[in-house]
Amino acid sequence: MKKSELLWCVVPLLALIFHFSVGQKLLFAENAAAVETNGYLAEVEGRFAKAEALYVKALRVAHPADFPLRARLDVAKARVDIHTGDAPAAADQLERLLAKQSTASLPKALQTETQTVRATALYYTAFALRLLDSNPERWAAKAEEARTAFLTLHQNALENGSPETVEQLARALEAASKLLHYRDTEIAGIRRPPIAQATLERNAPARKLNLADESP
Amino acid sequence: MTQTLKSPLFSTPQRFRIKRIVFGALLLCALILVVTFAARFLHPTSRHSALKFQKNEPSVGAPAHITISLNRPDYTATPDDDSAPMWVHIEKIEPKEDGSFLYHLAYAGMESGIFNLTDYLQKSATERLSEPVTSVGVRSAIPEGALYDFGDMTASAPPKVFPYSKTVGLLGALWLGWGVWLMRQRKLLRTGQADGAHLQDEATQDAADAGKGQAAHQKKLSDVLRPLVQKAALKTISTKEKALMEHILFLYWGKKLELDHLDDAEQLRRILDHEEAGELLRTVEQWLYQPAAAISAEAISDTLEPYMQLDMKDLPELAADALRAAQSERSLLAHA
């Protein structure tokens, strides 16, 4: 048997070894990406329930060891959760993600996005809590947490972010600061953000917000 | 009666009355403007959302830093108050050569507007400092009248992933193509070898039989001669093949009669003189080159039958070389 024929026979063996090691991750990532893209399109179109279902499906399809992909999908799902009124769950989910040591190895942009979405979830949670209960002990800690997170993100963006990001975070910081600063009468007088209203409606009947507030 | 009741004012011409009213109104407007203008400087903590803010001014909630010069080093910042529209912290106090002091301040507005920083410094717990006036602006990043919200939590498009399936498919196709190419190469090689066998059995044998013949031709001369005889009988034999046939017999007899050391002409003369060999060569030549000669293929076949059983090793090297050359020539022609 000639060398080239021998090599031809060896190539499939090497390909199989690759496929069942690194290839699996790539294959899973490709499959998950297809579902994720559909989820993204649904999210952009405002079909948040559909997007959430697709992101959950993508998480099931993703390789268990592909942490960056799973983290990205977690963030996407949390973002959709906020829109559907489940901001407290989204905040908890991202807090757990950020607490993982391996999160530090994630791309910088994904880390920033994770923190931004978490701060947003905290903001809407605090907003809903404030609408639910005027006692600052109930909502001030979450509002302050959101403000601090946005402040850190804003400061980082001032150093190395685009002008659009700086302005976007300035708006978020202002909203979080005002949430802390405004009086109850002022809060009652303003138009409620739809997401805050959705959070209130989804969580208030089950008293989830209070539970979330009481949990450490 | 009516005229006696008129006051001197009423007796004044109508146009003078209008002038007085207009003058009074103008005076009142001027007074309001002066008071408003003065109020801005007397009470700079009041918010003026109508003022245009500079782009580089900090937005609400964003801390900023400033350095101001004051005459004493013992001023302190007022305690933080959640209801206050601004907080000010003293970061550092540095003495200057002229006896004044540089206060490095950090501040953040909780509302948009223009504020006097020294309003947030105090001489003592009860006495606030309001001079000198140091105005700073805090702008609102949320547009006027916008929802108390920030709805720009936009999703970023998922990054493109490595197209693994397509790559595997492409590599698989390439691998198959490579295999086909290798098989074709192998087949061509086999065909080349089979062509040699084809020379032996071109008329009757298929390609598979030719492969088997390849192994056999190394043993018996019949495998070389028989197809040539058959081709000659069918009148399809080429000139080269005729020459090859003659050459094999000539070389065989040259070796058998031990005429190798002589030149070709002398060898031929002596072989033709030999009873058996001469008869054979003359018969074959007649048969090959004189189509009118009444010699049948069967007769030639019978004549050559004794030679058919000879081993190839009885054939001189030269004849073997000639045979191989003929085979490779056939093979190349077939490839082309």
# chains A, B, ... in the order shown; residues from 1 in each chain; ligands from 1
call {"tool": "residues_around", "arguments": {"residues": "Asp66 in chain A", "least_positions_apart": "6", "cutoff": "10 Å", "atoms": "only C-alpha atoms", "output": "count of residues only"}}
result
4
call {"tool": "residues_around", "arguments": {"residues": "range 168-180 of chain A", "least_positions_apart": "6", "cutoff": "6 Å", "atoms": "only C-alpha atoms", "output": "VMD selection string"}}
result
(chain A and resid 147 150 154) or (chain B and resid 60 to 61 141 to 142)
call {"tool": "closest_residue", "arguments": {"among": "B:Trp181, B:Tyr252, B:Tyr289, B:Tyr307", "to": "chain A", "atoms": "only C-alpha atoms"}}
result
B:Trp181
call {"tool": "interface_residues", "arguments": {"of": "chain A", "to": "chain B", "cutoff": "9 Å", "atoms": "only C-alpha atoms", "output": "JSON, numbers by chain"}}
result
{"A": [4, 5, 8, 11, 12, 15, 23, 26, 27, 29, 30, 33, 36, 37, 40, 41, 43, 44, 72, 76, 79, 116, 117, 120, 147, 151, 154, 155, 167, 168, 170, 171, 172, 173, 174, 175, 176, 177, 178, 180, 181, 182, 183, 190, 191, 192, 193, 194, 195, 196]}
call {"tool": "select_by_dssp", "arguments": {"residues": "range 106-178 of chain B", "states": "strand (DSSP E)", "output": "ChimeraX atom specification"}}
result
/B:106-109,113-116,121-122,128-129,135-138
call {"tool": "residues_around", "arguments": {"residues": "Gly85 in chain A", "least_positions_apart": "6", "cutoff": "10 Å", "atoms": "only C-alpha atoms", "output": "list of chain:residue names"}}
result
A:Ala121, A:Tyr124, A:Thr125, A:Ala128, A:Pro194, A:Ile195, A:Ala196, A:Gln197, A:Ala198, A:Thr199, A:Leu200, A:Glu201, A:Arg202, A:Asn203
call {"tool": "residues_around", "arguments": {"residues": "Ala140 in chain A", "least_positions_apart": "3", "cutoff": "8 Å", "atoms": "only C-alpha atoms", "output": "list in words"}}
result
Ala126, Pro136, Glu137, Ala143, Glu144 and Leu180 of chain A
call {"tool": "write_last_selection", "arguments": {"atoms": "N, CA and C atoms", "output": "mmCIF file, in the first residue's frame"}}
result
data_model
loop_
_atom_site.group_PDB
_atom_site.id
_atom_site.type_symbol
_atom_site.label_atom_id
_atom_site.label_comp_id
_atom_site.auth_asym_id
_atom_site.auth_seq_id
_atom_site.Cartn_x
_atom_site.Cartn_y
_atom_site.Cartn_z
ATOM 1 N N ALA A 126 -36.357 47.096 41.685
ATOM 2 C CA ALA A 126 -36.500 48.161 42.683
ATOM 3 C C ALA A 126 -37.693 49.053 42.371
ATOM 4 N N PRO A 136 -38.800 52.431 52.276
ATOM 5 C CA PRO A 136 -37.489 52.368 51.611
ATOM 6 C C PRO A 136 -36.704 51.107 51.943
ATOM 7 N N GLU A 137 -36.970 50.537 53.096
ATOM 8 C CA GLU A 137 -36.244 49.321 53.458
ATOM 9 C C GLU A 137 -36.509 48.200 52.462
ATOM 10 N N ALA A 143 -32.334 49.454 44.649
ATOM 11 C CA ALA A 143 -32.156 50.663 43.842
ATOM 12 C C ALA A 143 -30.710 51.154 43.940
ATOM 13 N N GLU A 144 -30.154 51.118 45.136
ATOM 14 C CA GLU A 144 -28.777 51.564 45.333
ATOM 15 C C GLU A 144 -27.799 50.628 44.607
ATOM 16 N N LEU A 180 -33.949 56.600 43.369
ATOM 17 C CA LEU A 180 -33.582 56.715 44.791
ATOM 18 C C LEU A 180 -34.001 58.056 45.380
#
call {"tool": "closest_residue", "arguments": {"among": "A:His19, A:Arg96, A:Lys3, A:Lys57", "to": "Arg118 in chain A", "atoms": "only C-alpha atoms"}}
result
A:Arg96
call {"tool": "atom_distance", "arguments": {"atom1": "CA of Thr191 in chain B", "atom2": "CA of Pro227 in chain B"}}
result
17.7 Å
call {"tool": "residues_around", "arguments": {"residues": "Ala58 in chain A", "least_positions_apart": "4", "cutoff": "7 Å", "atoms": "only C-alpha atoms", "output": "short mmCIF file (atom, residue, chain, number, x, y, z; two decimals) with N, CA, C and O atoms, in the first residue's frame"}}
result
data_model
loop_
_atom_site.label_atom_id
_atom_site.label_comp_id
_atom_site.auth_asym_id
_atom_site.auth_seq_id
_atom_site.Cartn_x
_atom_site.Cartn_y
_atom_site.Cartn_z
N ALA A 32 -26.71 25.29 18.57
CA ALA A 32 -27.28 26.27 19.51
C ALA A 32 -27.38 27.64 18.86
O ALA A 32 -28.34 28.38 19.11
N VAL A 35 -30.53 28.18 16.89
CA VAL A 35 -31.70 28.45 17.75
C VAL A 35 -31.58 29.85 18.36
O VAL A 35 -32.57 30.59 18.45
N GLU A 36 -30.36 30.19 18.75
CA GLU A 36 -30.14 31.51 19.36
C GLU A 36 -30.50 32.64 18.39
O GLU A 36 -31.09 33.64 18.78
N LEU A 54 -37.03 30.06 22.96
CA LEU A 54 -35.94 29.68 22.06
C LEU A 54 -34.59 29.73 22.76
O LEU A 54 -33.73 28.88 22.53
N ALA A 62 -26.91 23.65 23.76
CA ALA A 62 -25.49 24.04 23.92
C ALA A 62 -24.72 22.97 24.69
O ALA A 62 -25.27 22.26 25.53
#
call {"tool": "atom_distance", "arguments": {"atom1": "CA of Gln267 in chain B", "atom2": "CA of Ala292 in chain B"}}
result
28.3 Å
call {"tool": "closest_residue", "arguments": {"among": "A:Ala119, A:Asp184, A:Ala89, A:Cys9", "to": "Asn135 in chain A", "atoms": "only C-alpha atoms"}}
result
A:Asp184
call {"tool": "residues_around", "arguments": {"residues": "His104 in chain B", "least_positions_apart": "2", "cutoff": "9 Å", "atoms": "only C-alpha atoms", "output": "JSON, numbers by chain"}}
result
{"B": [65, 66, 67, 68, 69, 89, 90, 91, 92, 93, 94, 102, 106]}
call {"tool": "residues_around", "arguments": {"residues": "range 59-61 of chain A", "least_positions_apart": "2", "cutoff": "8 Å", "atoms": "only C-alpha atoms", "output": "ChimeraX atom specification"}}
result
/A:28,31-32,55-57,63,70,73-74
call {"tool": "write_last_selection", "arguments": {"atoms": "all heavy atoms", "output": "short mmCIF file (atom, residue, chain, number, x, y, z; two decimals), in the first residue's frame"}}
result
data_model
loop_
_atom_site.label_atom_id
_atom_site.label_comp_id
_atom_site.auth_asym_id
_atom_site.auth_seq_id
_atom_site.Cartn_x
_atom_site.Cartn_y
_atom_site.Cartn_z
N PHE A 28 -22.14 21.43 18.70
CA PHE A 28 -23.17 21.90 19.64
C PHE A 28 -23.35 23.41 19.51
O PHE A 28 -24.48 23.91 19.54
CB PHE A 28 -22.78 21.55 21.07
CG PHE A 28 -23.14 20.14 21.48
CD1 PHE A 28 -22.59 19.06 20.83
CD2 PHE A 28 -24.02 19.90 22.52
CE1 PHE A 28 -22.90 17.76 21.19
CE2 PHE A 28 -24.36 18.61 22.89
CZ PHE A 28 -23.79 17.53 22.22
N ASN A 31 -25.30 24.21 16.41
CA ASN A 31 -26.73 23.92 16.59
C ASN A 31 -27.40 24.95 17.49
O ASN A 31 -28.51 25.41 17.21
CB ASN A 31 -26.90 22.51 17.18
CG ASN A 31 -26.47 21.44 16.20
OD1 ASN A 31 -26.42 21.68 15.00
ND2 ASN A 31 -26.12 20.28 16.70
N ALA A 32 -26.71 25.29 18.57
CA ALA A 32 -27.28 26.27 19.51
C ALA A 32 -27.38 27.64 18.86
O ALA A 32 -28.34 28.38 19.11
CB ALA A 32 -26.43 26.34 20.77
N TYR A 55 -34.41 30.72 23.63
CA TYR A 55 -33.15 30.81 24.38
C TYR A 55 -33.00 29.61 25.33
O TYR A 55 -31.91 29.08 25.50
CB TYR A 55 -33.06 32.12 25.15
CG TYR A 55 -32.76 33.32 24.28
CD1 TYR A 55 -33.41 34.54 24.48
CD2 TYR A 55 -31.84 33.25 23.24
CE1 TYR A 55 -33.15 35.63 23.67
CE2 TYR A 55 -31.57 34.33 22.44
CZ TYR A 55 -32.23 35.53 22.65
OH TYR A 55 -31.96 36.61 21.86
N VAL A 56 -34.12 29.21 25.93
CA VAL A 56 -34.09 28.03 26.81
C VAL A 56 -33.73 26.78 26.00
O VAL A 56 -32.91 25.96 26.43
CB VAL A 56 -35.44 27.86 27.53
CG1 VAL A 56 -35.51 26.52 28.24
CG2 VAL A 56 -35.66 28.99 28.53
N LYS A 57 -34.31 26.71 24.81
CA LYS A 57 -34.01 25.57 23.93
C LYS A 57 -32.53 25.59 23.53
O LYS A 57 -31.87 24.54 23.52
CB LYS A 57 -34.90 25.65 22.69
CG LYS A 57 -34.80 24.44 21.80
CD LYS A 57 -35.70 24.58 20.59
CE LYS A 57 -35.46 23.44 19.61
NZ LYS A 57 -36.17 23.65 18.35
N HIS A 63 -23.44 22.87 24.35
CA HIS A 63 -22.58 21.89 25.02
C HIS A 63 -22.43 22.27 26.50
O HIS A 63 -22.22 23.45 26.82
CB HIS A 63 -21.20 21.88 24.34
CG HIS A 63 -20.38 20.70 24.69
ND1 HIS A 63 -19.62 20.64 25.83
CD2 HIS A 63 -20.20 19.51 24.05
CE1 HIS A 63 -19.00 19.48 25.88
NE2 HIS A 63 -19.33 18.77 24.81
N ARG A 70 -22.93 29.38 26.97
CA ARG A 70 -24.00 29.26 27.97
C ARG A 70 -24.21 30.59 28.70
O ARG A 70 -25.34 30.99 28.99
CB ARG A 70 -23.69 28.14 28.96
CG ARG A 70 -23.62 26.77 28.32
CD ARG A 70 -23.58 25.68 29.36
NE ARG A 70 -24.89 25.46 29.93
CZ ARG A 70 -25.82 24.70 29.38
NH1 ARG A 70 -25.57 24.07 28.26
NH2 ARG A 70 -26.99 24.56 29.95
N LEU A 73 -26.08 32.93 26.44
CA LEU A 73 -27.51 32.56 26.39
C LEU A 73 -28.21 32.92 27.70
O LEU A 73 -29.38 33.33 27.69
CB LEU A 73 -27.64 31.07 26.10
CG LEU A 73 -27.25 30.65 24.67
CD1 LEU A 73 -27.17 29.14 24.56
CD2 LEU A 73 -28.24 31.20 23.66
N ASP A 74 -27.49 32.76 28.81
CA ASP A 74 -28.07 33.16 30.11
C ASP A 74 -28.40 34.65 30.12
O ASP A 74 -29.46 35.06 30.60
CB ASP A 74 -27.08 32.84 31.24
CG ASP A 74 -27.20 31.40 31.71
OD1 ASP A 74 -28.28 30.81 31.51
OD2 ASP A 74 -26.22 30.86 32.25
#
